[in-house]
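Have a look at the structure below, then the notes.
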Number of protein chains: 2
Amino acid sequence: MADAESTQPTQQPPTEAPAAEGAEAPKVPSKNELKKKAKEEEKARKAAEKAARQAELEAQKAAAEVDYATEFYGKLPLNQSQSRPRRARVQIASLTPEMDGQTVLLRARVQTSRAQGSKMVFLNLRQRTDSVQALLSVAPEKVSKQMAKWAAGLQIESIVLAEGIVKKAPEIIKSATVGDVELHLTQLHLISGLETVLPFTVDDANRPEPPETEAEDVQFKRVLLDTRLNNRVVDLRTQTNQAVFRLQHGIGHLFRDFLDGRGFTEIHSPKLQGAATESGASVFQVSYFKGKAFLAQSPQLAKQMAIAADFERVYEIGPVFRAEDSNTHRHMTEFIGLDLEMAIEEHYHEVMELLDDLFLHMFRGLKQRYSKEIDAVRKQFPAEEFKWREGPEGTLKFSFKEAVDLLVEDGVPREELDDIDTTNEKRLGRIVRAKYDTDYYIIDKFPMALRPFYTMPDPEDPTLSNSYDFFMRGEEILSGAQRVHDPKLLEEGMRKKGIDPASMSYYLDAFKLGCPPHGGGGIGLERVLMLFLKLNNIRRASLFPRDPKRLEP
Amino acid sequence: MADAESTQPTQQPPTEAPAAEGAEAPKVPSKNELKKKAKEEEKARKAAEKAARQAELEAQKAAAEVDYATEFYGKLPLNQSQSRPRRARVQIASLTPEMDGQTVLLRARVQTSRAQGSKMVFLNLRQRTDSVQALLSVAPEKVSKQMAKWAAGLQIESIVLAEGIVKKAPEIIKSATVGDVELHLTQLHLISGLETVLPFTVDDANRPEPPETEAEDVQFKRVLLDTRLNNRVVDLRTQTNQAVFRLQHGIGHLFRDFLDGRGFTEIHSPKLQGAATESGASVFQVSYFKGKAFLAQSPQLAKQMAIAADFERVYEIGPVFRAEDSNTHRHMTEFIGLDLEMAIEEHYHEVMELLDDLFLHMFRGLKQRYSKEIDAVRKQFPAEEFKWREGPEGTLKFSFKEAVDLLVEDGVPREELDDIDTTNEKRLGRIVRAKYDTDYYIIDKFPMALRPFYTMPDPEDPTLSNSYDFFMRGEEILSGAQRVHDPKLLEEGMRKKGIDPASMSYYLDAFKLGCPPHGGGGIGLERVLMLFLKLNNIRRASLFPRDPKRLEP
């Protein structure tokens, strides 16, 4: 501006008229004529000056139109903790119509950004499972056209710092989860933008899944599971996934909550093992300095040793590893085991009943404390609500033999039922749901032949065992039993299953040193989550799932 | 008994007297003589019968002395859940003098067993951290001499089912933790015995550790750490270890408790990784089907990706693996990381302060809720109580530079202090304790050169960083920082540390897709436990520790 002013005087309009006149007829001007001309020139100059000043003023005004909001928007410098103004920021979920008129500050993702003409922009701002509509409208001294243009051009998924005035919404805004207010933006700054192309939008990723049998929905882009998992960071931002992993958190919390109240101690057992135990075939081998180690398939041995060490009641939440080349909807090579083991006083049903109470505690807890999250998931994965039996009749329990009978009644040939395979398990789930109106039940007294060597045989029929499985929607989610605490019987069991007792001497020693009768079980966290919500694939219940073909991200 | 009665009539005494008389002088007896003789014979027969009956009764009585208690003691059959009488059993800790006269049933270990003469046996019965004195004294119809002999012969560490009458102790019994009552045993059965030689007694293992500098205490057998760890199941039964692992449970509980209340979500990140990241040198390699995988050194990458995925605040409790051939008192190849990460609004001190509050919550919680356990450990590991600062002054915090100055003041040459090594760390701990009377403090603003590539540089001095370590008793227990959330700066940082950004593309992508400013930290669970209790070796704080030389039990 200073420069423009200083150059102004030199920008006089060129006085070419005399030369043109001169070409007509050279004539000596009179004094009066000279005076008149000088006056005219002076007048023209003044007029020109005035025009220039006017133009300048207009330019200034225009310049001011660009500038008057510059401090209210734009990209912030990289946050390196340069300053700490300690200005309170709010959560979208906390916004209510009662806050009408209040100015708030919040950090959020831009879910959508849509200009309406050049003077108004609608933004959908998102925080986890919550979103609110924000409105930017051009206003003198406050919101410039340039600010609106910048806001409309924000790439979706950008992270912004938004200041605005809470306004009660004239009508419920359906596109936002907090629909009874909107935010009239006064400032909008970019905290973090994107430096790559978004593989898919969070909106696309959040759309209801078409039923497996239905043709592709052509109206919207369907995001396939593999694409999601390859770009898990974006996929996890959907309201569905934000809810899924709050529910995962909830299951762990309820599990511990229940067991802490019943005298259990949380333990952490090593995942690195000196020997490939339990079943050598499906164990990952690790290079361990100059030797080798193996990844634990479960905390089974350690938790039993903790019982022999007088811990009485233990649980563990931790990864378990299975080197099985199974590429199904319900297998992963690494998953989270919720394991427990406890000394029993008289009968293994003490454990089985405690596990049943534990599941009821979890189901009730999820329903009561996480209904918002369940509803959010339901929008993308519609499913019949998970059903279990309450009241004095208790959980449905039957023996393996009775389960077989139910399947035979339903038409399955008895000779196929030495074991109940996955297909028949699911069939049984449907039979039970139809007949008993429950998605949750227990099968007790499995044949000894189907169980591991450390399972206690039935006292009367040695072909049966003191073992049980728990089911949700026709899929096994817990396997457990009374364990053998007698070292001679345990060695015998190992030999029967082709395991060399010398390879498990530390484990056997625990029982030789005196161990109380005990039992327990192991729960697959992701399976419980998948089946409670009916997510149809276990990978959806794991933050960064691992299978034989996937080790990243 | 029925058999003995039926054979009784045939056992008449033989009537040999007449034959002897006949050898003297054959004489025809008179009728009177015959009558008299018959009467005498009858009398003798009756006397003999009476004597026989008497002997029989005495034999019966003697037999009953062997037998009258047989049902009150002995080995129980293997518990295979044959029956479920649902008889209530009690905990030793719940016994009080007010229960005087009540009959109770409990399962316990035999800690010691000592006969006093042939008629009395004193047993010390143990459950976890609690013990009570039990007394078995011979009494007609109740406790037989044989029962007492059997009880006195019970191998220590046997598991028994004891029934007895609670009696108020005439004086406090010092050898038991519940010393104001004793148990007058009425029944004692063996649930589970030992089938091997005890490597050491739990009493020996529970004795106070002699100071490292002191000569071996010859009076008692000292159980060396390696012997303990080789026989960890017995070692873990000590009251000290029962308390140590209740405290470990407590730390985890307090950690989650605090973070759950502050909007954190628990996550479970995969331990199997596709690439050897962070620092390739100390990563375990795993055979993964036809390829290979690596064990995660920390959940660092995953938890940051969860922040890029809008989780906002996450924590994880899980194993971390370090392939470092370090054989020190504070290194293990597998330990439990208590990790957290959170988005920050303005400044990384938001995280640092939250972590500080978290530690104060844990210290206070341990002191308040676990004083019994702390006292139990203190008996074996005497240590000055762990000290931290309470009140408005808050936790002691200084910069790396100030820490160096403190060491220089104390005589350490400044040129040795580019980094603060373990020896100087401990020295600093002693200086701080002497000067500020605290075992807990924070050092902020570490030189960038000492921190990993993902650490945010200081906004003014790029040789410094927005990073901190937390210390307990002069040892680091937490390392944390603001992280770089800008992908370009992150790539630059990787290249500076010699890491190929292509090897971490999934991680980099998370930041290219937009990530809020964030920070966090990782805590070593076993270190916190070791240092809070001053156990002097990290292996004592791990259930089944793993180091370069130990993969079992």
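Letters A, B, ... mark the chains of the structure tokens in the order given; residue numbers begin at 1 per chain; ligand numbers begin at 1, in order shown.
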
### Long-range neighbours of A:Val223 as a list in words, 10 Å cut-off, only C-alpha atoms, 5 positions minimum in chain
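The residues that qualify are Pro199, Phe200, Thr201, Val202, Asp204, Ala205, Asn206, Arg207, Glu209, Arg228 and Asp235 of chain A.
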
### Task
State the Cα RMSD (Å, one decimal) obtained when chain A is least-squares superposed onto chain B, all Cα atoms paired in order.
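Chain B versus chain A: RMSD of 1.6 Å.
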
### Task
With a cut-off of 6 Å and counting only C-alpha atoms, select all residues of chain B in contact with chain A and give the selection as a ChimeraX atom specification.
/B:80-82,84,192-196,233,236-237,249,266,273-274,285-287,309-310,346-347,459,506,512-514,551-553

### Query
What gap, in Å, lies between atom CA of B:Gly101 and atom CA of B:Lys75?
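That distance, rounded to one decimal, is 26.5 Å.
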
### Surrounding residues of stretch 384-394 of chain B excluding itself and chain neighbours under 4 positions, 12 Å, only C-alpha atoms, as a PyMOL selection string
chain B and resi 353+356-357+359-364+366-367+371+374-375+377-379+429+432-434+436-442+471-474+528-535

### Message
Can you tell me, as an MDAnalysis selection string, which residues in stretch 108-252 of chain B count as alpha helix (DSSP H) by DSSP?
### Response
chainID B and resid 145:152 202:205 225:230 232:235 239:252

### strand (DSSP E) per DSSP on the backbone: members of stretch 354-445 of chain B, as a list of chain:residue names
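DSSP on the backbone gives strand (DSSP E) at B:Leu396, B:Lys397, B:Phe398, B:Ser399, B:Tyr440, B:Tyr441, B:Ile442, B:Ile443, B:Asp444.
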
Selected residues written out, all heavy atoms, as a short mmCIF file (atom, residue, chain, number, x, y, z; two decimals), in the first residue's frame:
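Listed below is the output, again-v7.cif:
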data_model
loop_
_atom_site.label_atom_id
_atom_site.label_comp_id
_atom_site.auth_asym_id
_atom_site.auth_seq_id
_atom_site.Cartn_x
_atom_site.Cartn_y
_atom_site.Cartn_z
N LEU B 396 8.24 -33.66 41.58
CA LEU B 396 9.49 -33.00 41.20
C LEU B 396 9.74 -33.23 39.70
O LEU B 396 9.72 -34.36 39.23
CB LEU B 396 10.64 -33.59 42.02
CG LEU B 396 12.02 -33.00 41.77
CD1 LEU B 396 12.10 -31.56 42.23
CD2 LEU B 396 13.08 -33.85 42.47
N LYS B 397 9.95 -32.12 38.98
CA LYS B 397 10.22 -32.22 37.55
C LYS B 397 11.44 -31.36 37.24
O LYS B 397 11.54 -30.25 37.72
CB LYS B 397 9.04 -31.67 36.73
CG LYS B 397 7.72 -32.39 36.93
CD LYS B 397 6.62 -31.77 36.07
CE LYS B 397 5.25 -32.34 36.40
NZ LYS B 397 4.56 -31.63 37.51
N PHE B 398 12.36 -31.87 36.47
CA PHE B 398 13.41 -30.99 35.95
C PHE B 398 13.80 -31.41 34.54
O PHE B 398 13.41 -32.48 34.07
CB PHE B 398 14.62 -30.89 36.87
CG PHE B 398 15.03 -32.15 37.56
CD1 PHE B 398 15.89 -33.03 36.94
CD2 PHE B 398 14.57 -32.46 38.85
CE1 PHE B 398 16.29 -34.19 37.57
CE2 PHE B 398 14.96 -33.63 39.48
CZ PHE B 398 15.83 -34.50 38.85
N SER B 399 14.55 -30.52 33.89
CA SER B 399 14.94 -30.80 32.52
C SER B 399 16.18 -31.67 32.52
O SER B 399 16.90 -31.76 33.52
CB SER B 399 15.22 -29.50 31.78
OG SER B 399 16.39 -28.90 32.31
N TYR B 440 10.49 -40.44 43.47
CA TYR B 440 9.75 -40.40 42.20
C TYR B 440 9.88 -39.01 41.59
O TYR B 440 9.61 -38.01 42.27
CB TYR B 440 8.28 -40.73 42.48
CG TYR B 440 7.32 -40.39 41.37
CD1 TYR B 440 7.38 -41.05 40.15
CD2 TYR B 440 6.35 -39.39 41.54
CE1 TYR B 440 6.51 -40.74 39.13
CE2 TYR B 440 5.47 -39.08 40.53
CZ TYR B 440 5.55 -39.74 39.32
OH TYR B 440 4.68 -39.43 38.31
N TYR B 441 10.34 -38.93 40.35
CA TYR B 441 10.50 -37.63 39.70
C TYR B 441 10.51 -37.81 38.18
O TYR B 441 10.58 -38.93 37.67
CB TYR B 441 11.78 -36.93 40.16
CG TYR B 441 13.00 -37.80 40.09
CD1 TYR B 441 13.81 -37.83 38.96
CD2 TYR B 441 13.35 -38.61 41.18
CE1 TYR B 441 14.93 -38.66 38.90
CE2 TYR B 441 14.47 -39.44 41.12
CZ TYR B 441 15.25 -39.46 39.99
OH TYR B 441 16.33 -40.28 39.93
N ILE B 442 10.41 -36.69 37.51
CA ILE B 442 10.28 -36.66 36.05
C ILE B 442 11.42 -35.84 35.47
O ILE B 442 11.74 -34.76 35.97
CB ILE B 442 8.94 -36.02 35.65
CG1 ILE B 442 7.76 -36.86 36.19
CG2 ILE B 442 8.84 -35.87 34.12
CD1 ILE B 442 6.39 -36.20 36.04
N ILE B 443 12.05 -36.36 34.41
CA ILE B 443 13.02 -35.56 33.66
C ILE B 443 12.44 -35.29 32.28
O ILE B 443 11.98 -36.20 31.59
CB ILE B 443 14.39 -36.26 33.54
CG1 ILE B 443 14.96 -36.51 34.95
CG2 ILE B 443 15.36 -35.42 32.72
CD1 ILE B 443 16.34 -37.18 34.95
N ASP B 444 12.42 -34.01 31.91
CA ASP B 444 11.78 -33.54 30.68
C ASP B 444 12.87 -33.06 29.72
O ASP B 444 14.01 -32.84 30.13
CB ASP B 444 10.83 -32.38 31.05
CG ASP B 444 9.85 -32.04 29.94
OD1 ASP B 444 9.76 -32.77 28.94
OD2 ASP B 444 9.16 -31.00 30.08
#

### Query
So which residues touch B:Thr186 within 12 Å, counting only C-alpha atoms, skipping near sequence neighbours fewer than 2 positions away, as a PyMOL selection string?
chain B and resi 69-73+102-106+134-144+147-148+151+161-166+183-184+188-189

### Query
Contacts of A:Lys401 at 9 Å or less, counting only C-alpha atoms, minus same-chain residues fewer than 5 places along, as number ranges by chain?
A: 406, 444-447

Using N, CA and C atoms, can you export the residues from the last selection as a PDB file, in the first residue's frame?
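File written: part_12.pdb
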ATOM      1  N   LEU A 406     -30.632 -84.058  19.564  1.00  0.00           N
ATOM      2  CA  LEU A 406     -31.362 -82.948  18.931  1.00  0.00           C
ATOM      3  C   LEU A 406     -31.063 -82.896  17.431  1.00  0.00           C
ATOM      4  N   ASP A 444     -22.331 -79.842  27.926  1.00  0.00           N
ATOM      5  CA  ASP A 444     -21.489 -80.438  28.965  1.00  0.00           C
ATOM      6  C   ASP A 444     -21.161 -81.877  28.556  1.00  0.00           C
ATOM      7  N   LYS A 445     -20.153 -82.444  29.211  1.00  0.00           N
ATOM      8  CA  LYS A 445     -19.865 -83.892  29.093  1.00  0.00           C
ATOM      9  C   LYS A 445     -19.482 -84.315  27.683  1.00  0.00           C
ATOM     10  N   PHE A 446     -18.447 -83.691  27.171  1.00  0.00           N
ATOM     11  CA  PHE A 446     -17.935 -84.072  25.850  1.00  0.00           C
ATOM     12  C   PHE A 446     -17.216 -85.422  25.929  1.00  0.00           C
ATOM     13  N   PRO A 447     -17.223 -86.170  24.830  1.00  0.00           N
ATOM     14  CA  PRO A 447     -16.450 -87.421  24.810  1.00  0.00           C
ATOM     15  C   PRO A 447     -14.970 -87.136  25.075  1.00  0.00           C
TER      16      PRO A 447
END

### Query
atom CA of B:Lys303 and atom CA of B:Tyr315, how far apart in Å?
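Straight-line distance from atom CA of B:Tyr315 to atom CA of B:Lys303 works out to 7.7 Å.
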
### Query
Smallest atom-to-atom distance to B:Glu491: which of B:Ile477, B:Ser503, B:Ser94, B:Asn32, using only C-alpha atoms?
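When distances to B:Glu491 are compared using only C-alpha atoms, the smallest one comes from B:Ser503.
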
### Query
Quick one, how far is atom CA of A:Val408 from atom CA of A:Glu425?
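That distance, rounded to one decimal, is 12.7 Å.
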